[in-house]
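**Q** One file is attached below, protein03.txt, containing compact mmCIF, C-alpha atoms.
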# COMPACT_ATOMS: atom_id res chain seq x y z
CA MET T 1 -20.50 9.06 44.31
CA THR T 2 -20.36 10.61 40.82
CA PRO T 3 -17.12 9.60 39.09
CA PRO T 4 -14.73 12.36 37.98
CA LEU T 5 -15.35 13.73 34.48
CA ARG T 6 -12.05 12.32 33.15
CA LEU T 7 -12.95 8.79 34.23
CA THR T 8 -16.41 9.16 32.73
CA LEU T 9 -14.91 10.22 29.40
CA LEU T 10 -12.40 7.35 29.44
CA ALA T 11 -15.17 4.88 30.12
CA ALA T 12 -17.24 6.30 27.27
CA LEU T 13 -14.29 6.11 24.88
CA SER T 14 -13.54 2.53 25.89
CA LEU T 15 -17.17 1.56 25.34
CA ALA T 16 -17.17 3.26 21.94
CA ALA T 17 -14.02 1.36 20.91
CA LEU T 18 -15.45 -1.97 22.02
CA THR T 19 -18.71 -1.26 20.23
CA ALA T 20 -16.83 -0.33 17.04
CA THR T 21 -14.82 -3.54 16.95
CA ALA T 22 -17.91 -5.62 17.63
CA LEU T 23 -19.93 -4.26 14.70
CA PRO T 24 -21.30 -6.92 12.35
CA ALA T 25 -19.22 -7.54 9.24
CA HIS T 26 -21.93 -6.39 6.85
CA ALA T 27 -23.29 -3.36 8.69
CA ALA T 28 -25.49 -1.20 6.52
CA ALA T 29 -24.14 1.99 5.00
CA GLY T 30 -24.65 4.98 7.26
CA THR T 31 -24.54 2.95 10.47
CA ASP T 32 -20.83 2.13 10.37
CA PRO T 33 -18.35 4.98 9.82
CA TRP T 34 -15.18 3.03 10.59
CA VAL T 35 -12.22 1.95 8.50
CA ARG T 36 -12.34 -1.86 8.31
CA ALA T 37 -9.51 -4.44 8.43
CA TRP T 38 -9.22 -8.24 8.34
CA GLY T 39 -6.81 -11.18 7.88
CA GLU T 40 -3.46 -11.65 9.61
CA ASN T 41 -3.01 -9.69 12.81
CA ALA T 42 -0.09 -11.14 14.78
CA GLN T 43 1.55 -7.70 15.07
CA GLY T 44 -1.67 -5.77 15.64
CA GLN T 45 -1.70 -4.55 12.04
CA LEU T 46 -5.51 -4.58 11.92
CA GLY T 47 -5.62 -1.81 14.51
CA ASN T 48 -8.50 -3.30 16.50
CA GLY T 49 -6.70 -3.55 19.84
CA SER T 50 -5.89 -7.25 19.56
CA VAL T 51 -3.41 -9.58 17.88
CA LEU T 52 -6.03 -12.14 16.87
CA ALA T 53 -6.68 -12.96 13.23
CA GLN T 54 -9.95 -11.62 11.85
CA GLN T 55 -12.05 -13.48 9.25
CA THR T 56 -14.46 -10.61 8.57
CA PRO T 57 -13.95 -6.85 8.31
CA ALA T 58 -13.62 -5.36 11.81
CA ALA T 59 -13.40 -1.69 12.76
CA VAL T 60 -10.03 -0.01 13.16
CA ILE T 61 -10.27 1.67 16.55
CA GLY T 62 -11.16 5.34 16.39
CA VAL T 63 -10.44 5.87 12.67
CA THR T 64 -13.44 6.85 10.54
CA ARG T 65 -13.57 6.71 6.75
CA ASP T 66 -14.57 10.36 6.53
CA ASP T 67 -11.38 11.35 8.34
CA VAL T 68 -8.99 9.34 6.13
CA ARG T 69 -7.40 10.72 2.99
CA GLU T 70 -5.10 7.75 2.36
CA LEU T 71 -4.23 4.45 4.04
CA SER T 72 -1.20 2.34 3.18
CA GLY T 73 -0.27 -1.11 4.47
CA GLY T 74 3.32 -2.22 4.86
CA GLY T 75 5.34 -5.29 5.75
CA GLY T 76 3.94 -8.77 5.83
CA GLY T 77 5.77 -12.09 5.79
CA ALA T 78 5.34 -15.09 8.03
CA ALA T 79 6.52 -16.42 11.38
CA ALA T 80 9.58 -14.64 12.82
CA ALA T 81 9.89 -12.40 9.76
CA ALA T 82 6.36 -11.03 10.03
CA ASN T 83 6.21 -7.24 10.31
CA GLY T 84 2.79 -6.06 9.12
CA PHE T 85 1.89 -2.44 9.84
CA ALA T 86 -0.19 0.42 8.48
CA VAL T 87 -0.11 4.21 8.23
CA ALA T 88 -3.14 6.42 7.70
CA LEU T 89 -3.08 10.02 6.50
CA LEU T 90 -5.99 12.00 7.90
CA LYS T 91 -7.63 14.90 6.11
CA ASP T 92 -6.26 17.30 8.73
CA GLY T 93 -2.70 16.46 7.58
CA THR T 94 -1.74 14.30 10.56
CA VAL T 95 -0.68 10.64 10.37
CA LYS T 96 -1.62 7.64 12.50
CA SER T 97 0.25 4.32 12.55
CA TRP T 98 -0.16 0.85 14.07
CA GLY T 99 1.18 -2.72 13.91
CA SER T 100 4.74 -4.01 13.88
CA ASN T 101 7.53 -1.62 14.86
CA THR T 102 10.68 -3.73 14.72
CA THR T 103 12.54 -1.10 12.68
CA GLY T 104 10.76 2.00 13.94
CA GLN T 105 8.33 2.00 11.02
CA LEU T 106 5.55 3.46 13.18
CA GLY T 107 7.57 6.65 13.52
CA ASN T 108 6.69 7.07 17.19
CA GLY T 109 10.21 7.08 18.61
CA THR T 110 10.10 3.48 19.86
CA LEU T 111 10.54 -0.08 18.61
CA THR T 112 7.39 -1.27 20.37
CA ALA T 113 4.48 -2.69 18.38
CA GLN T 114 1.00 -1.30 18.98
CA SER T 115 -2.35 -2.85 18.11
CA PHE T 116 -4.25 0.45 17.89
CA PRO T 117 -3.73 3.64 15.87
CA ALA T 118 -1.73 6.44 17.44
CA THR T 119 -0.69 9.78 16.01
CA VAL T 120 2.88 10.13 14.73
CA ALA T 121 4.07 12.97 16.95
CA GLY T 122 5.34 16.12 15.29
CA LEU T 123 4.03 15.20 11.85
CA SER T 124 1.49 17.61 10.33
CA GLY T 125 0.71 19.23 7.01
CA VAL T 126 1.19 15.91 5.21
CA SER T 127 -0.32 15.39 1.74
CA GLU T 128 0.73 11.80 0.86
CA VAL T 129 1.95 8.65 2.65
CA SER T 130 3.21 5.20 1.67
CA ALA T 131 4.25 2.15 3.68
CA GLY T 132 6.96 -0.20 2.42
CA LEU T 133 8.36 -3.47 3.65
CA ASN T 134 9.88 -1.93 6.79
CA HIS T 135 9.83 1.83 6.27
CA ALA T 136 7.37 4.61 5.50
CA LEU T 137 7.33 7.84 3.50
CA ALA T 138 5.36 11.09 3.73
CA VAL T 139 5.15 14.26 1.64
CA LYS T 140 4.99 17.58 3.45
CA GLY T 141 5.15 20.84 1.55
CA GLY T 142 6.67 19.10 -1.46
CA ARG T 143 9.46 17.58 0.65
CA VAL T 144 9.76 13.90 1.54
CA LEU T 145 10.10 12.58 5.08
CA ALA T 146 11.04 8.97 5.83
CA TRP T 147 11.32 6.67 8.85
CA GLY T 148 11.86 3.02 9.75
CA GLY T 149 14.33 0.50 8.36
CA ASN T 150 17.36 1.84 6.52
CA ALA T 151 19.51 -1.24 5.86
CA SER T 152 19.45 -0.50 2.12
CA LYS T 153 19.55 3.30 2.46
CA GLN T 154 15.84 3.43 1.61
CA LEU T 155 15.35 6.49 3.83
CA GLY T 156 17.50 8.59 1.49
CA THR T 157 19.22 10.58 4.22
CA GLY T 158 22.51 10.79 2.35
CA GLN T 159 24.34 9.53 5.42
CA ASP T 160 26.54 6.44 5.68
CA SER T 161 24.47 5.02 8.52
CA THR T 162 22.18 2.08 7.82
CA ASN T 163 20.60 2.31 11.27
CA PRO T 164 16.80 2.57 11.43
CA TYR T 165 15.20 5.90 12.26
CA ARG T 166 12.38 5.83 14.81
CA THR T 167 11.02 9.26 13.89
CA PRO T 168 10.63 11.02 10.51
CA VAL T 169 13.78 12.44 8.92
CA PRO T 170 14.13 14.49 5.71
CA VAL T 171 15.04 12.78 2.44
CA GLN T 172 17.95 14.63 0.87
CA SER T 173 17.70 16.95 -2.11
CA LEU T 174 14.10 16.55 -3.23
CA ASP T 175 11.44 19.24 -3.53
CA LYS T 176 8.17 19.79 -5.39
CA VAL T 177 7.19 16.16 -4.83
CA LYS T 178 3.52 15.28 -5.36
CA ASP T 179 3.50 11.54 -4.58
CA VAL T 180 5.63 8.77 -3.10
CA GLY T 181 5.71 4.99 -3.11
CA ALA T 182 7.58 2.67 -0.75
CA GLY T 183 8.53 -0.85 -1.81
CA CYS T 184 10.71 -3.62 -0.45
CA ASP T 185 13.75 -1.68 0.75
CA PHE T 186 13.51 1.12 -1.81
CA SER T 187 11.60 4.35 -2.36
CA VAL T 188 10.06 6.26 -5.27
CA ALA T 189 9.05 9.92 -5.59
CA LEU T 190 7.05 11.60 -8.36
CA ARG T 191 7.82 15.29 -8.76
CA GLN T 192 5.38 17.91 -10.01
CA ASP T 193 7.38 18.21 -13.25
CA GLY T 194 6.57 14.59 -14.19
CA THR T 195 9.99 13.14 -13.38
CA VAL T 196 10.52 10.10 -11.14
CA TRP T 197 13.26 9.76 -8.53
CA THR T 198 14.33 6.60 -6.71
CA TRP T 199 16.67 5.53 -3.91
CA GLY T 200 17.50 2.54 -1.71
CA LYS T 201 18.04 -1.08 -2.72
CA GLY T 202 18.98 -1.52 -6.38
CA ASP T 203 18.58 -5.30 -6.77
CA ASN T 204 16.57 -6.46 -9.80
CA GLY T 205 16.93 -2.97 -11.26
CA ARG T 206 14.10 -1.67 -9.10
CA LEU T 207 15.52 1.87 -9.09
CA GLY T 208 15.22 2.11 -12.89
CA THR T 209 18.51 4.00 -13.20
CA GLY T 210 20.20 1.62 -15.66
CA ASN T 211 22.08 -0.50 -13.12
CA ASN T 212 21.50 -2.49 -9.95
CA THR T 213 23.41 -0.17 -7.62
CA THR T 214 21.98 0.71 -4.21
CA ARG T 215 21.60 4.48 -3.79
CA GLU T 216 21.61 6.44 -0.53
CA THR T 217 20.20 9.60 -2.13
CA PRO T 218 17.48 10.15 -4.76
CA GLN T 219 18.47 9.69 -8.40
CA LYS T 220 16.38 10.65 -11.41
CA VAL T 221 15.09 7.78 -13.56
CA PRO T 222 16.60 8.61 -16.97
CA ASP T 223 14.55 9.07 -20.12
CA LEU T 224 11.25 9.10 -18.26
CA THR T 225 9.08 12.22 -18.46
CA ASP T 226 5.45 13.31 -18.30
CA VAL T 227 4.59 10.80 -15.59
CA GLU T 228 1.21 11.39 -13.97
CA SER T 229 1.18 8.61 -11.37
CA VAL T 230 3.32 5.80 -9.99
CA ALA T 231 2.45 2.48 -8.35
CA VAL T 232 5.04 0.52 -6.40
CA GLY T 233 5.10 -3.23 -5.73
CA CYS T 234 7.57 -5.17 -3.64
CA ASP T 235 10.37 -4.91 -6.18
CA HIS T 236 8.86 -3.44 -9.34
CA VAL T 237 7.44 -0.04 -10.31
CA LEU T 238 4.70 1.07 -12.71
CA ALA T 239 4.46 4.60 -14.12
CA LEU T 240 1.48 6.04 -16.01
CA THR T 241 2.41 8.76 -18.50
CA ALA T 242 0.33 11.68 -19.75
CA ASP T 243 -0.44 9.91 -23.04
CA GLY T 244 -2.08 6.96 -21.24
CA THR T 245 0.75 4.45 -21.64
CA VAL T 246 2.38 2.47 -18.82
CA LYS T 247 6.10 2.01 -18.15
CA SER T 248 7.59 -0.56 -15.77
CA TRP T 249 10.93 -1.60 -14.31
CA GLY T 250 12.48 -3.86 -11.67
CA ARG T 251 11.89 -7.55 -11.07
CA GLY T 252 10.27 -9.41 -13.94
CA ALA T 253 10.45 -13.09 -12.97
CA GLU T 254 6.67 -13.41 -12.49
CA GLY T 255 5.79 -11.25 -15.49
CA GLN T 256 5.09 -8.18 -13.39
CA LEU T 257 6.72 -5.86 -15.95
CA GLY T 258 4.08 -6.85 -18.51
CA ASN T 259 6.55 -6.65 -21.40
CA ASP T 260 6.26 -10.27 -22.61
CA SER T 261 9.33 -11.26 -20.62
CA VAL T 262 10.39 -12.82 -17.33
CA THR T 263 13.63 -10.84 -17.24
CA ASP T 264 14.43 -8.04 -14.81
CA SER T 265 14.85 -4.56 -16.26
CA ASN T 266 16.93 -1.80 -14.69
CA LYS T 267 15.37 0.83 -16.93
CA PRO T 268 11.78 1.60 -17.92
CA VAL T 269 10.13 -0.64 -20.52
CA ASP T 270 6.69 -0.49 -22.08
CA VAL T 271 3.88 -2.59 -20.65
CA ALA T 272 2.65 -4.31 -23.81
CA TYR T 273 -0.73 -3.95 -25.48
CA LEU T 274 -1.97 -1.19 -23.21
CA ASP T 275 -3.16 2.28 -24.13
CA ALA T 276 -5.82 4.72 -22.99
CA VAL T 277 -5.04 3.82 -19.36
CA ALA T 278 -6.77 5.89 -16.70
CA ARG T 279 -5.35 4.40 -13.48
CA ILE T 280 -2.68 1.91 -12.42
CA PHE T 281 -2.26 -0.27 -9.34
CA ALA T 282 0.70 -2.41 -8.27
CA THR T 283 0.25 -5.35 -5.95
CA SER T 284 3.13 -7.27 -4.37
CA ALA T 285 4.18 -8.91 -7.66
CA SER T 286 1.42 -8.03 -10.16
CA GLY T 287 -0.03 -5.03 -11.95
CA PHE T 288 -3.53 -3.82 -12.83
CA ALA T 289 -4.75 -1.08 -15.15
CA VAL T 290 -8.18 0.51 -15.41
CA LEU T 291 -8.73 1.77 -18.94
CA ASP T 292 -10.63 4.87 -20.04
CA ASP T 293 -13.67 2.75 -20.88
CA GLY T 294 -13.73 1.22 -17.37
CA SER T 295 -12.37 -2.18 -18.39
CA VAL T 296 -9.59 -3.76 -16.32
CA ALA T 297 -6.40 -5.60 -17.32
CA GLY T 298 -3.98 -7.52 -15.09
CA TRP T 299 -0.56 -9.09 -15.41
CA GLY T 300 2.21 -10.65 -13.32
CA LYS T 301 2.16 -13.28 -10.60
CA ASN T 302 -0.90 -15.53 -10.64
CA THR T 303 0.08 -18.76 -8.90
CA ASP T 304 -2.74 -18.29 -6.37
CA ARG T 305 -5.30 -16.90 -8.87
CA GLN T 306 -4.54 -13.38 -7.70
CA LEU T 307 -5.08 -11.94 -11.21
CA GLY T 308 -8.67 -13.18 -11.30
CA ASP T 309 -8.49 -14.53 -14.86
CA GLY T 310 -9.61 -18.05 -13.90
CA THR T 311 -6.13 -19.57 -14.23
CA THR T 312 -3.01 -20.05 -12.12
CA ALA T 313 -0.61 -19.08 -14.92
CA ASN T 314 1.65 -16.08 -14.48
CA ARG T 315 0.93 -13.51 -17.19
CA THR T 316 3.80 -11.69 -18.89
CA THR T 317 1.43 -9.38 -20.79
CA PRO T 318 -1.88 -7.83 -19.70
CA VAL T 319 -5.04 -9.94 -19.93
CA MET T 320 -8.50 -8.40 -19.90
CA LEU T 321 -10.53 -9.25 -16.80
CA ASP T 322 -14.01 -9.17 -18.27
CA ALA T 323 -15.76 -10.02 -15.00
CA LEU T 324 -14.50 -6.84 -13.31
CA GLU T 325 -16.65 -3.74 -13.68
CA GLY T 326 -16.87 -0.48 -11.78
CA VAL T 327 -13.42 -0.80 -10.20
CA GLN T 328 -12.40 2.19 -8.08
CA SER T 329 -9.38 0.82 -6.25
CA VAL T 330 -7.19 -2.32 -6.35
CA ALA T 331 -4.66 -3.62 -3.80
CA GLY T 332 -2.96 -6.94 -3.20
CA GLY T 333 -0.52 -8.72 -0.92
CA ALA T 334 1.54 -11.86 -1.31
CA ASP T 335 -1.15 -14.10 -2.77
CA PHE T 336 -4.48 -12.25 -2.98
CA THR T 337 -6.15 -9.19 -4.48
CA LEU T 338 -8.92 -6.85 -3.31
CA ALA T 339 -11.00 -4.35 -5.25
CA ALA T 340 -13.40 -1.59 -4.20
CA LEU T 341 -16.27 -1.16 -6.66
CA ASP T 342 -18.36 1.87 -7.46
CA ASP T 343 -21.40 0.39 -5.69
CA GLY T 344 -19.55 0.54 -2.35
CA SER T 345 -18.75 -3.17 -2.21
CA VAL T 346 -15.39 -4.87 -1.66
CA ILE T 347 -14.55 -8.09 -3.49
CA GLY T 348 -11.48 -10.31 -3.39
CA TRP T 349 -9.85 -13.24 -5.12
CA GLY T 350 -6.80 -15.48 -4.70
CA ALA T 351 -5.57 -17.37 -1.65
CA ASN T 352 -7.57 -17.24 1.59
CA ALA T 353 -5.88 -19.50 4.16
CA ALA T 354 -5.37 -16.52 6.48
CA ALA T 355 -8.88 -15.12 5.82
CA GLN T 356 -7.27 -12.38 3.75
CA LEU T 357 -10.36 -12.15 1.52
CA GLY T 358 -12.52 -11.15 4.49
CA ASP T 359 -15.47 -13.36 3.52
CA GLY T 360 -15.74 -15.12 6.88
CA THR T 361 -13.93 -18.28 5.76
CA THR T 362 -10.42 -19.62 5.27
CA THR T 363 -11.44 -21.50 2.14
CA THR T 364 -9.87 -20.48 -1.15
CA PRO T 365 -12.72 -19.66 -3.55
CA ALA T 366 -12.85 -20.58 -7.23
CA ALA T 367 -13.96 -17.08 -8.16
CA THR T 368 -14.37 -13.64 -6.58
CA THR T 369 -15.88 -13.42 -3.13
CA VAL T 370 -17.49 -10.56 -1.21
CA ALA T 371 -15.92 -9.00 1.88
CA LEU T 372 -18.39 -6.09 2.09
CA PRO T 373 -21.67 -5.76 0.19
CA PRO T 374 -22.92 -2.90 -1.98
CA GLY T 375 -23.81 0.21 0.00
CA SER T 376 -20.98 -0.18 2.52
CA GLY T 377 -19.68 3.28 1.71
CA ILE T 378 -16.20 2.00 0.83
CA THR T 379 -14.20 3.71 -1.93
CA HIS T 380 -10.66 2.40 -1.37
CA VAL T 381 -8.82 -0.79 -0.41
CA ALA T 382 -5.28 -1.44 0.81
CA THR T 383 -3.25 -4.45 1.93
CA THR T 384 0.00 -5.12 3.71
CA LEU T 385 2.76 -5.12 1.09
CA THR T 386 3.81 -8.78 1.21
CA GLY T 387 1.38 -10.10 3.82
CA LYS T 388 -2.20 -11.23 4.19
CA SER T 389 -4.06 -8.35 5.80
CA GLY T 390 -6.68 -6.20 4.09
CA TYR T 391 -8.14 -2.73 4.70
CA ALA T 392 -11.20 -0.90 3.35
CA TYR T 393 -12.00 2.81 3.76
Step by step, read the file and then write its structure as structure tokens.
**A**
Amino acid sequence: MTPPLRLTLLAALSLAALTATALPAHAAAGTDPWVRAWGENAQGQLGNGSVLAQQTPAAVIGVTRDDVRELSGGGGGAAAAANGFAVALLKDGTVKSWGSNTTGQLGNGTLTAQSFPATVAGLSGVSEVSAGLNHALAVKGGRVLAWGGNASKQLGTGQDSTNPYRTPVPVQSLDKVKDVGAGCDFSVALRQDGTVWTWGKGDNGRLGTGNNTTRETPQKVPDLTDVESVAVGCDHVLALTADGTVKSWGRGAEGQLGNDSVTDSNKPVDVAYLDAVARIFATSASGFAVLDDGSVAGWGKNTDRQLGDGTTANRTTPVMLDALEGVQSVAGGADFTLAALDDGSVIGWGANAAAQLGDGTTTTPAATTVALPPGSGITHVATTLTGKSGYAY
């Protein structure tokens, strides 16, 4: 007997999902349209329908690169504290999420983890997203929406409650926002006028407001104007200004402020010896800058070689990374860094015990290693904020 059409379609979809996750790690460009993920997966943060670790890039179920505008990884950690998750903004303005959901960070109205992407209901018209340690942010029509953990008022609701929110709620008193960044228990918004606003946990001066006070509503970072982009780490922030200089604030113990110091700063300071900067990237506790001439500099935590300068010394000022060329995107978690290059390849360096470099091993390499070869069609990378999971799209 011919099966009903609905069952036939379900079977076809299931087969397509299984085929996608089984694709070889180094599939040729044009034969593999999927977003890829690898590394830790205990909470389903790789989005491949399982909770098994993955040593090579595997397809995220049902999410193609051509459909994705932006992907952001959140959470991380180890053992009982692990909470890796991801959010993906599609080009149609909708958002999908997957992974850990202990504080409602998937925005789906539950606290149940899911190992496959699902649409965040009721969320459309979104232009930007960012995943933090246990919360997420989205921009819609210049307004900011937030969901997930709220123990440090990082959702910016202006209410006394520190309870998590399982679905998106409006952040108070912000409009004309063009970008957002979520960190470890705090949030950052860049407005169209070039000002930066922060809220949530104030420890280490990560709000940049001149003190270490936790804020439940957005506050303007004083004396900071003409900002073109922001990049947010676990507990530090980088801001690129219109004149090509970089400001930083927050935790400085690993040199992540780049100002020749290991001292925290609760107000913006200059990242030393940098000018003519085109793009900035913040990893968990480090920073990277791509200069106008295409060269790359890095600074901050380096105990696991995550700066790629051939040493394990933390760097309090930027060092030029001469081996890096053609960098399009940089991301990094607790102890590793990934880069997407202009030839479509993905490379990585740093620790690899959890296969976070995606090279098919759990051996820490002495130099950069390849997760995806040239011609893979990749233009961007992302990682969980403090964990050991990687994404390429």
**Q** Hey, which of T:Pro57, T:Gly156, T:Gly298, T:Gly258 ends up closest to Gly358 of chain T? Count all atoms listed in the file.
**A**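 Comparing T:Pro57, T:Gly156, T:Gly298, T:Gly258 against Gly358 of chain T, the winner is T:Pro57.
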**Q** Using only C-alpha atoms, which of the listed residues (T:Lys178, T:Arg69, T:Arg305, T:Lys201) sits closest to Leu89 of chain T?
**A**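 When distances to Leu89 of chain T are compared using only C-alpha atoms, the smallest one comes from T:Arg69.
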**Q** Looking at all atoms listed in the file, which of T:Thr316, T:Asn150, T:Thr283, T:Thr198 is the one that sits closest to Gly387 of chain T?
**A** T:Thr283
**Q** Select, from T:Gln154, T:Thr56, T:Ser229, T:Thr217, the residue with the minimum atom-to-atom distance to Gly200 of chain T, counting all atoms listed in the file.
**A**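 So, comparing all the options, the nearest one is T:Gln154.
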**Q** Counting all atoms listed in the file, which residue out of T:Lys176, T:Ser286, T:Ser115, T:Gly75 sits closest to Gly148 of chain T?
**A**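 Of the candidates, the smallest distance to Gly148 of chain T is held by T:Gly75.
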**Q** Give me segment 194-212 of chain T with N, CA, C and O atoms filled in, as a PDB file, keeping the file's coordinate frame.
**A**
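Written out: out.pdb:
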ATOM      1  N   GLY T 194       6.758  15.829 -13.467  1.00  0.00           N
ATOM      2  CA  GLY T 194       6.570  14.590 -14.190  1.00  0.00           C
ATOM      3  C   GLY T 194       7.772  13.674 -14.227  1.00  0.00           C
ATOM      4  O   GLY T 194       7.750  12.645 -14.913  1.00  0.00           O
ATOM      5  N   THR T 195       8.823  14.025 -13.472  1.00  0.00           N
ATOM      6  CA  THR T 195       9.990  13.140 -13.380  1.00  0.00           C
ATOM      7  C   THR T 195       9.867  12.239 -12.164  1.00  0.00           C
ATOM      8  O   THR T 195       9.161  12.553 -11.205  1.00  0.00           O
ATOM      9  N   VAL T 196      10.566  11.092 -12.210  1.00  0.00           N
ATOM     10  CA  VAL T 196      10.520  10.100 -11.140  1.00  0.00           C
ATOM     11  C   VAL T 196      11.929   9.938 -10.568  1.00  0.00           C
ATOM     12  O   VAL T 196      12.910   9.837 -11.314  1.00  0.00           O
ATOM     13  N   TRP T 197      12.002   9.881  -9.244  1.00  0.00           N
ATOM     14  CA  TRP T 197      13.260   9.760  -8.530  1.00  0.00           C
ATOM     15  C   TRP T 197      13.203   8.557  -7.602  1.00  0.00           C
ATOM     16  O   TRP T 197      12.164   8.294  -6.990  1.00  0.00           O
ATOM     17  N   THR T 198      14.315   7.834  -7.500  1.00  0.00           N
ATOM     18  CA  THR T 198      14.330   6.600  -6.710  1.00  0.00           C
ATOM     19  C   THR T 198      15.588   6.538  -5.844  1.00  0.00           C
ATOM     20  O   THR T 198      16.609   7.155  -6.160  1.00  0.00           O
ATOM     21  N   TRP T 199      15.513   5.744  -4.773  1.00  0.00           N
ATOM     22  CA  TRP T 199      16.670   5.530  -3.910  1.00  0.00           C
ATOM     23  C   TRP T 199      16.462   4.269  -3.084  1.00  0.00           C
ATOM     24  O   TRP T 199      15.360   3.754  -2.970  1.00  0.00           O
ATOM     25  N   GLY T 200      17.555   3.751  -2.510  1.00  0.00           N
ATOM     26  CA  GLY T 200      17.500   2.540  -1.710  1.00  0.00           C
ATOM     27  C   GLY T 200      18.079   1.346  -2.435  1.00  0.00           C
ATOM     28  O   GLY T 200      19.008   1.478  -3.230  1.00  0.00           O
ATOM     29  N   LYS T 201      17.525   0.172  -2.173  1.00  0.00           N
ATOM     30  CA  LYS T 201      18.040  -1.080  -2.720  1.00  0.00           C
ATOM     31  C   LYS T 201      17.907  -1.108  -4.239  1.00  0.00           C
ATOM     32  O   LYS T 201      16.849  -0.789  -4.784  1.00  0.00           O
ATOM     33  N   GLY T 202      18.984  -1.527  -4.919  1.00  0.00           N
ATOM     34  CA  GLY T 202      18.980  -1.520  -6.380  1.00  0.00           C
ATOM     35  C   GLY T 202      18.814  -2.886  -7.011  1.00  0.00           C
ATOM     36  O   GLY T 202      18.765  -2.985  -8.244  1.00  0.00           O
ATOM     37  N   ASP T 203      18.698  -3.943  -6.224  1.00  0.00           N
ATOM     38  CA  ASP T 203      18.580  -5.300  -6.770  1.00  0.00           C
ATOM     39  C   ASP T 203      17.414  -5.395  -7.751  1.00  0.00           C
ATOM     40  O   ASP T 203      16.391  -4.744  -7.579  1.00  0.00           O
ATOM     41  N   ASN T 204      17.582  -6.231  -8.759  1.00  0.00           N
ATOM     42  CA  ASN T 204      16.570  -6.460  -9.800  1.00  0.00           C
ATOM     43  C   ASN T 204      16.301  -5.220 -10.639  1.00  0.00           C
ATOM     44  O   ASN T 204      15.361  -5.199 -11.432  1.00  0.00           O
ATOM     45  N   GLY T 205      17.132  -4.188 -10.480  1.00  0.00           N
ATOM     46  CA  GLY T 205      16.930  -2.970 -11.260  1.00  0.00           C
ATOM     47  C   GLY T 205      15.763  -2.135 -10.811  1.00  0.00           C
ATOM     48  O   GLY T 205      15.256  -1.287 -11.548  1.00  0.00           O
ATOM     49  N   ARG T 206      15.336  -2.317  -9.553  1.00  0.00           N
ATOM     50  CA  ARG T 206      14.100  -1.670  -9.100  1.00  0.00           C
ATOM     51  C   ARG T 206      14.186  -0.155  -9.026  1.00  0.00           C
ATOM     52  O   ARG T 206      13.155   0.515  -8.892  1.00  0.00           O
ATOM     53  N   LEU T 207      15.400   0.420  -9.104  1.00  0.00           N
ATOM     54  CA  LEU T 207      15.520   1.870  -9.090  1.00  0.00           C
ATOM     55  C   LEU T 207      15.357   2.474 -10.490  1.00  0.00           C
ATOM     56  O   LEU T 207      15.177   3.685 -10.617  1.00  0.00           O
ATOM     57  N   GLY T 208      15.454   1.639 -11.530  1.00  0.00           N
ATOM     58  CA  GLY T 208      15.220   2.110 -12.890  1.00  0.00           C
ATOM     59  C   GLY T 208      16.283   3.029 -13.440  1.00  0.00           C
ATOM     60  O   GLY T 208      16.065   3.719 -14.442  1.00  0.00           O
ATOM     61  N   THR T 209      17.467   3.047 -12.826  1.00  0.00           N
ATOM     62  CA  THR T 209      18.510   4.000 -13.200  1.00  0.00           C
ATOM     63  C   THR T 209      19.549   3.425 -14.164  1.00  0.00           C
ATOM     64  O   THR T 209      20.560   4.055 -14.432  1.00  0.00           O
ATOM     65  N   GLY T 210      19.289   2.207 -14.687  1.00  0.00           N
ATOM     66  CA  GLY T 210      20.200   1.620 -15.660  1.00  0.00           C
ATOM     67  C   GLY T 210      21.217   0.677 -15.087  1.00  0.00           C
ATOM     68  O   GLY T 210      22.050   0.127 -15.815  1.00  0.00           O
ATOM     69  N   ASN T 211      21.187   0.468 -13.762  1.00  0.00           N
ATOM     70  CA  ASN T 211      22.080  -0.500 -13.120  1.00  0.00           C
ATOM     71  C   ASN T 211      21.384  -1.030 -11.873  1.00  0.00           C
ATOM     72  O   ASN T 211      20.244  -0.669 -11.597  1.00  0.00           O
ATOM     73  N   ASN T 212      22.082  -1.886 -11.150  1.00  0.00           N
ATOM     74  CA  ASN T 212      21.500  -2.490  -9.950  1.00  0.00           C
ATOM     75  C   ASN T 212      22.158  -1.969  -8.671  1.00  0.00           C
ATOM     76  O   ASN T 212      22.160  -2.639  -7.637  1.00  0.00           O
TER      77      ASN T 212
END
